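Each remark here refers to the structure printed beneath this line.
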Amino acid sequence: MKYKVSYIILFILSFNFVVFSQEQKLESDSIEKVQATSHESTYGHADGTHDAAAHDGHDAHAKYDPAATAIHHISDANVYTILDFVTIPLPMILYAPDKGWDFFSSSKFHSGHHEDGHSAYNGYVLHHGSVHRVTDAGFPTQGEAEISGFTHKTETIEGKDKDIFYAIHNGKEYRLDARSTLDGGVLGGGITSFYDFSLTKNVVSMILVSLFLIYVFSSAAKAYANNKDKAPKGMQNVVETIFTFIRDEVAIPFIGKDKYKKFLPLLMSIFFFILGLNLFGQIPFLGGINATGNLAVTMTLALIVFFVVNFNGKKDYWQHIFWMPNVPVFVKPLLAAVEIMGLFIKPLTLMLRLAGNISAGHIAILSFVGLIFIFGDSGASTGGGVIGTALAIPLTLFMMCIEIIVAFVQSFVFTILTASYIGAAIEEHHHADHHPAEHH
Amino acid sequence: MFTLLSFTPFQPTPGLAFWSLVIFLIFLYLMKKYAVGPITEALSNRETEIANALDQAKRAREEMSNLKSENEKLLAQAREERSKMLQEAKDIKGQIIAEAKEKAKEEANKIVSNAMTDIENQKKIAITEVKNELGALAISIAEKVIKKELKGNAEQEAFVNTLVKDIHLN
């Protein structure tokens, strides 16, 4: 045990120094670029307008920016990076209504350290780890095209300040269409001209985790068949402990002994899917994935819960939403409004709670690791870096322990809330005392 | 700030949502078919088996205690029977003794009465014999006496002869 802990510390130490040296190298690259573009930026600010506040994509890293680094690391990506050395390109699946489907490998973008593609392919470019489409006339729509850099301007569109990104190709700026998002541009993304169905890092990790869980579970299930009428052993024991916990502490108390079997597969799948992804994301160097901290993933899970709950809603459930029994008539419409809002707020909180907690854990760990660069003055002060490292190791270790607890707690909370929503929806009251009140 | 917001975790992307839906639904199906279903079944089977085994053990224990009480009952019964038998034997013994006593008494009486009659008979025989002896003695005495007196007296001789005659008649 003692040795294991020291190995982990050694590992983190070496990891930190690797990143440290990488950042140092990168910084020397970007300083040159800052010098190249600095006059443009100063011009924009001195002029008092925002439209010329152009930056190179990399110049955010001239000075170490902990927030940007953290956000970058918890984002989804089109490559699977292990320890900054192994970069596995992933398939891109893109669809534009006016252009059709595009399938190619993300290696075509020749992406750099922070996933700004050095090439465009078939009219798509990779910027800040996301795919954008260039629809401006003159930009090559087929094959590779060299991108020398990116600029970004703040433009005022319909009274709102918006960040618009431009790719530089052959010395000319081409406007990037917004990323493919589900919010329809409400959160500042804007409506875009294509759909991104790429198998991203999160998708790959979800597939890996699912396969692993299926393997573990099916082998445990087989052990039950082979090991009939005997005490469980090995993996079967681990699975059984959590399985019976979910069954006896979550499913049966909330849904009831008669009906829990119908919903048990869903609850088990939700619990283990979330737990598996939470824990997989906690493993350092394996991509540090953040699938359960991603709103798209938690939204999907919350939507599934929403549909399962409401499709199974019994008469009593709907009655309690639209026309609450046992309360004065003038309160009924008020309560109905609240309940209808609650109908949507429940899955919304499921979605936000899980994503928030997991992302926050990742950000906390990344911030503690970031102490190394803040103390080290982005690589300028080696002594500071050492102090930062000494600080970062215990804090990161502490945070990782907390995160393991959070991984279990959040998957449990998601499951228990799902069970309670289902339980409330399928509950059938036999309240004779309610009926006289209804006739008032 | 806008730069930060444009990163993926805060903007749900259709691709990731679509893939997570597909992956989760497949995961759910596989879990249901190959894991949760069989495991639930195996667990509930085992639980019912354990419950059955416990029930059986309880029943066996009950049976054991039943048997025990039955044994005790039997033992008590046996004990009772034994004492009854002993009592009966005792009674029979008394009866037999009493009967025997009575019979013995009867027998003794009989023997005594027989002895009595025997004695009586013997007495009679003895008396008769004594009488006869006495008679003979008297006669002999009388003979001697008479022999002495009758030596010169004819009359007396005649008298004695009549007397003898009388005796014979007797």
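Every chain in the structure tokens takes a letter, A first, then B, and so on in the order presented; its residues are numbered from 1, and the ligands are numbered from 1 following the presented order.
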With only C-alpha atoms considered, list every residue of chain B at most 12 Å from chain A, as number ranges by chain. B: 1-50, 53
Same residues, N, CA and C atoms, output as a short mmCIF file (atom, residue, chain, number, x, y, z; two decimals), in the first residue's frame:
```cif
data_model
loop_
_atom_site.label_atom_id
_atom_site.label_comp_id
_atom_site.auth_asym_id
_atom_site.auth_seq_id
_atom_site.Cartn_x
_atom_site.Cartn_y
_atom_site.Cartn_z
N MET B 1 -14.65 35.34 -21.98
CA MET B 1 -15.82 34.61 -21.50
C MET B 1 -16.49 33.87 -22.64
N PHE B 2 -16.65 34.58 -23.77
CA PHE B 2 -17.27 33.92 -24.93
C PHE B 2 -16.41 32.78 -25.41
N THR B 3 -15.11 33.00 -25.29
CA THR B 3 -14.18 31.95 -25.73
C THR B 3 -14.41 30.70 -24.89
N LEU B 4 -14.55 30.90 -23.57
CA LEU B 4 -14.75 29.76 -22.68
C LEU B 4 -16.07 29.06 -22.98
N LEU B 5 -17.10 29.87 -23.22
CA LEU B 5 -18.43 29.29 -23.44
C LEU B 5 -18.49 28.49 -24.73
N SER B 6 -17.60 28.83 -25.65
CA SER B 6 -17.70 28.14 -26.94
C SER B 6 -17.13 26.73 -26.87
N PHE B 7 -16.59 26.33 -25.69
CA PHE B 7 -16.09 24.96 -25.58
C PHE B 7 -17.24 23.99 -25.34
N THR B 8 -16.97 22.76 -25.69
CA THR B 8 -18.07 21.79 -25.77
C THR B 8 -18.81 21.47 -24.47
N PRO B 9 -18.19 21.41 -23.31
CA PRO B 9 -18.99 20.90 -22.20
C PRO B 9 -20.22 21.73 -21.91
N PHE B 10 -20.19 23.01 -22.28
CA PHE B 10 -21.32 23.86 -21.93
C PHE B 10 -22.29 24.07 -23.08
N GLN B 11 -21.92 23.58 -24.24
CA GLN B 11 -22.84 23.70 -25.36
C GLN B 11 -23.13 22.29 -25.87
N PRO B 12 -24.32 21.78 -25.58
CA PRO B 12 -24.61 20.41 -26.03
C PRO B 12 -24.47 20.32 -27.54
N THR B 13 -23.70 19.36 -28.00
CA THR B 13 -23.52 19.21 -29.44
C THR B 13 -24.40 18.05 -29.92
N PRO B 14 -24.99 18.21 -31.09
CA PRO B 14 -25.92 17.17 -31.56
C PRO B 14 -25.23 15.82 -31.75
N GLY B 15 -23.96 15.88 -32.19
CA GLY B 15 -23.24 14.62 -32.45
C GLY B 15 -23.10 13.81 -31.19
N LEU B 16 -22.62 14.47 -30.14
CA LEU B 16 -22.39 13.76 -28.88
C LEU B 16 -23.70 13.29 -28.28
N ALA B 17 -24.74 14.14 -28.37
CA ALA B 17 -26.05 13.74 -27.84
C ALA B 17 -26.55 12.52 -28.60
N PHE B 18 -26.43 12.57 -29.93
CA PHE B 18 -26.90 11.45 -30.75
C PHE B 18 -26.15 10.18 -30.39
N TRP B 19 -24.82 10.26 -30.33
CA TRP B 19 -24.03 9.06 -30.06
C TRP B 19 -24.27 8.54 -28.65
N SER B 20 -24.41 9.48 -27.69
CA SER B 20 -24.63 8.98 -26.32
C SER B 20 -25.99 8.30 -26.23
N LEU B 21 -26.98 8.82 -26.97
CA LEU B 21 -28.29 8.16 -26.99
C LEU B 21 -28.15 6.75 -27.56
N VAL B 22 -27.49 6.66 -28.72
CA VAL B 22 -27.34 5.35 -29.37
C VAL B 22 -26.58 4.39 -28.46
N ILE B 23 -25.45 4.87 -27.91
CA ILE B 23 -24.61 4.00 -27.08
C ILE B 23 -25.37 3.59 -25.83
N PHE B 24 -26.07 4.55 -25.21
CA PHE B 24 -26.77 4.20 -23.97
C PHE B 24 -27.89 3.21 -24.24
N LEU B 25 -28.62 3.40 -25.34
CA LEU B 25 -29.73 2.48 -25.62
C LEU B 25 -29.20 1.07 -25.89
N ILE B 26 -28.10 0.97 -26.65
CA ILE B 26 -27.51 -0.34 -26.89
C ILE B 26 -27.02 -0.94 -25.57
N PHE B 27 -26.37 -0.08 -24.77
CA PHE B 27 -25.88 -0.52 -23.46
C PHE B 27 -27.03 -1.04 -22.60
N LEU B 28 -28.14 -0.29 -22.61
CA LEU B 28 -29.32 -0.67 -21.83
C LEU B 28 -29.84 -2.03 -22.29
N TYR B 29 -29.92 -2.19 -23.63
CA TYR B 29 -30.44 -3.45 -24.17
C TYR B 29 -29.54 -4.62 -23.77
N LEU B 30 -28.22 -4.42 -23.96
CA LEU B 30 -27.28 -5.51 -23.65
C LEU B 30 -27.30 -5.82 -22.15
N MET B 31 -27.33 -4.78 -21.33
CA MET B 31 -27.37 -4.98 -19.88
C MET B 31 -28.61 -5.76 -19.49
N LYS B 32 -29.75 -5.37 -20.10
CA LYS B 32 -31.01 -6.02 -19.76
C LYS B 32 -30.95 -7.49 -20.13
N LYS B 33 -30.41 -7.73 -21.34
CA LYS B 33 -30.46 -9.10 -21.86
C LYS B 33 -29.40 -10.00 -21.22
N TYR B 34 -28.19 -9.48 -21.09
CA TYR B 34 -27.08 -10.36 -20.67
C TYR B 34 -26.67 -10.20 -19.22
N ALA B 35 -27.11 -9.11 -18.58
CA ALA B 35 -26.61 -8.91 -17.21
C ALA B 35 -27.73 -8.82 -16.19
N VAL B 36 -28.53 -7.75 -16.29
CA VAL B 36 -29.48 -7.50 -15.21
C VAL B 36 -30.52 -8.61 -15.12
N GLY B 37 -31.03 -9.01 -16.30
CA GLY B 37 -32.04 -10.08 -16.30
C GLY B 37 -31.53 -11.35 -15.62
N PRO B 38 -30.46 -11.95 -16.18
CA PRO B 38 -29.96 -13.20 -15.58
C PRO B 38 -29.53 -13.03 -14.12
N ILE B 39 -28.90 -11.89 -13.80
CA ILE B 39 -28.42 -11.73 -12.43
C ILE B 39 -29.60 -11.60 -11.47
N THR B 40 -30.61 -10.81 -11.88
CA THR B 40 -31.79 -10.67 -11.02
C THR B 40 -32.41 -12.03 -10.78
N GLU B 41 -32.54 -12.79 -11.86
CA GLU B 41 -33.15 -14.11 -11.75
C GLU B 41 -32.34 -15.01 -10.82
N ALA B 42 -31.00 -15.02 -11.06
CA ALA B 42 -30.13 -15.88 -10.25
C ALA B 42 -30.21 -15.48 -8.78
N LEU B 43 -30.20 -14.15 -8.56
CA LEU B 43 -30.24 -13.67 -7.17
C LEU B 43 -31.55 -14.04 -6.50
N SER B 44 -32.66 -13.84 -7.23
CA SER B 44 -33.95 -14.13 -6.60
C SER B 44 -34.09 -15.64 -6.39
N ASN B 45 -33.56 -16.43 -7.36
CA ASN B 45 -33.57 -17.89 -7.18
C ASN B 45 -32.83 -18.27 -5.92
N ARG B 46 -31.63 -17.67 -5.79
CA ARG B 46 -30.82 -18.02 -4.64
C ARG B 46 -31.50 -17.59 -3.35
N GLU B 47 -32.11 -16.39 -3.41
CA GLU B 47 -32.78 -15.91 -2.20
C GLU B 47 -33.93 -16.83 -1.80
N THR B 48 -34.72 -17.26 -2.82
CA THR B 48 -35.83 -18.16 -2.47
C THR B 48 -35.28 -19.48 -1.94
N GLU B 49 -34.15 -19.92 -2.55
CA GLU B 49 -33.55 -21.17 -2.08
C GLU B 49 -33.11 -21.05 -0.63
N ILE B 50 -32.47 -19.92 -0.33
CA ILE B 50 -32.01 -19.72 1.05
C ILE B 50 -33.21 -19.66 1.99
N ALA B 53 -34.48 -23.08 2.45
CA ALA B 53 -33.59 -23.86 3.32
C ALA B 53 -33.82 -23.48 4.77
#
```
Shell around Val250 of chain A at 10 Å using only C-alpha atoms, local window under 6 positions removed, as a list in words: Thr244, Gly256, Tyr260, Leu264, Leu267, Phe412, Val413, Thr415, Ile416, Leu417, Thr418, Ala419 and Ser420 of chain A
Residue with smallest distance to Gly123 of chain A - pool A:Ile88, A:Ile358, A:Ile393, A:Ala167, counting only C-alpha atoms: A:Ala167
Rounded to one decimal in Å, what is the spacing between atom CA of Phe109 of chain A and atom CA of Tyr121 of chain A? 6.6 Å
Give me, as a PDB file with C-alpha atoms, in the first residue's frame, all polymer residues having an atom no more than 9 Å from segment 397-400 of chain A, counting only C-alpha atoms and skipping those fewer than 3 positions away in the same chain.
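Generated output (out31.pdb):
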```pdb
ATOM      1  CA  ILE A   8       1.238   7.346  -7.716  1.00  0.00           C
ATOM      2  CA  ILE A   9       3.091  10.397  -6.411  1.00  0.00           C
ATOM      3  CA  GLN A 282     -10.592  10.082 -13.143  1.00  0.00           C
ATOM      4  CA  GLY A 361     -13.993  17.979 -10.116  1.00  0.00           C
ATOM      5  CA  ALA A 364     -10.407  21.557  -9.520  1.00  0.00           C
ATOM      6  CA  ILE A 365      -7.766  18.944 -10.320  1.00  0.00           C
ATOM      7  CA  PHE A 368      -4.246  22.380  -8.718  1.00  0.00           C
ATOM      8  CA  ALA A 392       0.036  20.653  -6.302  1.00  0.00           C
ATOM      9  CA  ILE A 393       0.798  17.032  -5.431  1.00  0.00           C
ATOM     10  CA  PRO A 394      -0.992  16.814  -2.048  1.00  0.00           C
ATOM     11  CA  GLU A 403     -13.486  12.854  -6.901  1.00  0.00           C
ATOM     12  CA  ILE A 404     -13.692   9.098  -6.434  1.00  0.00           C
ATOM     13  CA  ILE A 405     -16.324   9.680  -3.761  1.00  0.00           C
TER      14      ILE A 405
END
```
Considering only C-alpha atoms, return as number ranges by chain whatever protein or nucleic-acid residues lie within 12 Å of Pro97 of chain A, sequence-local ones (same chain, fewer than 4 positions apart) excluded. A: 101-102, 192-196
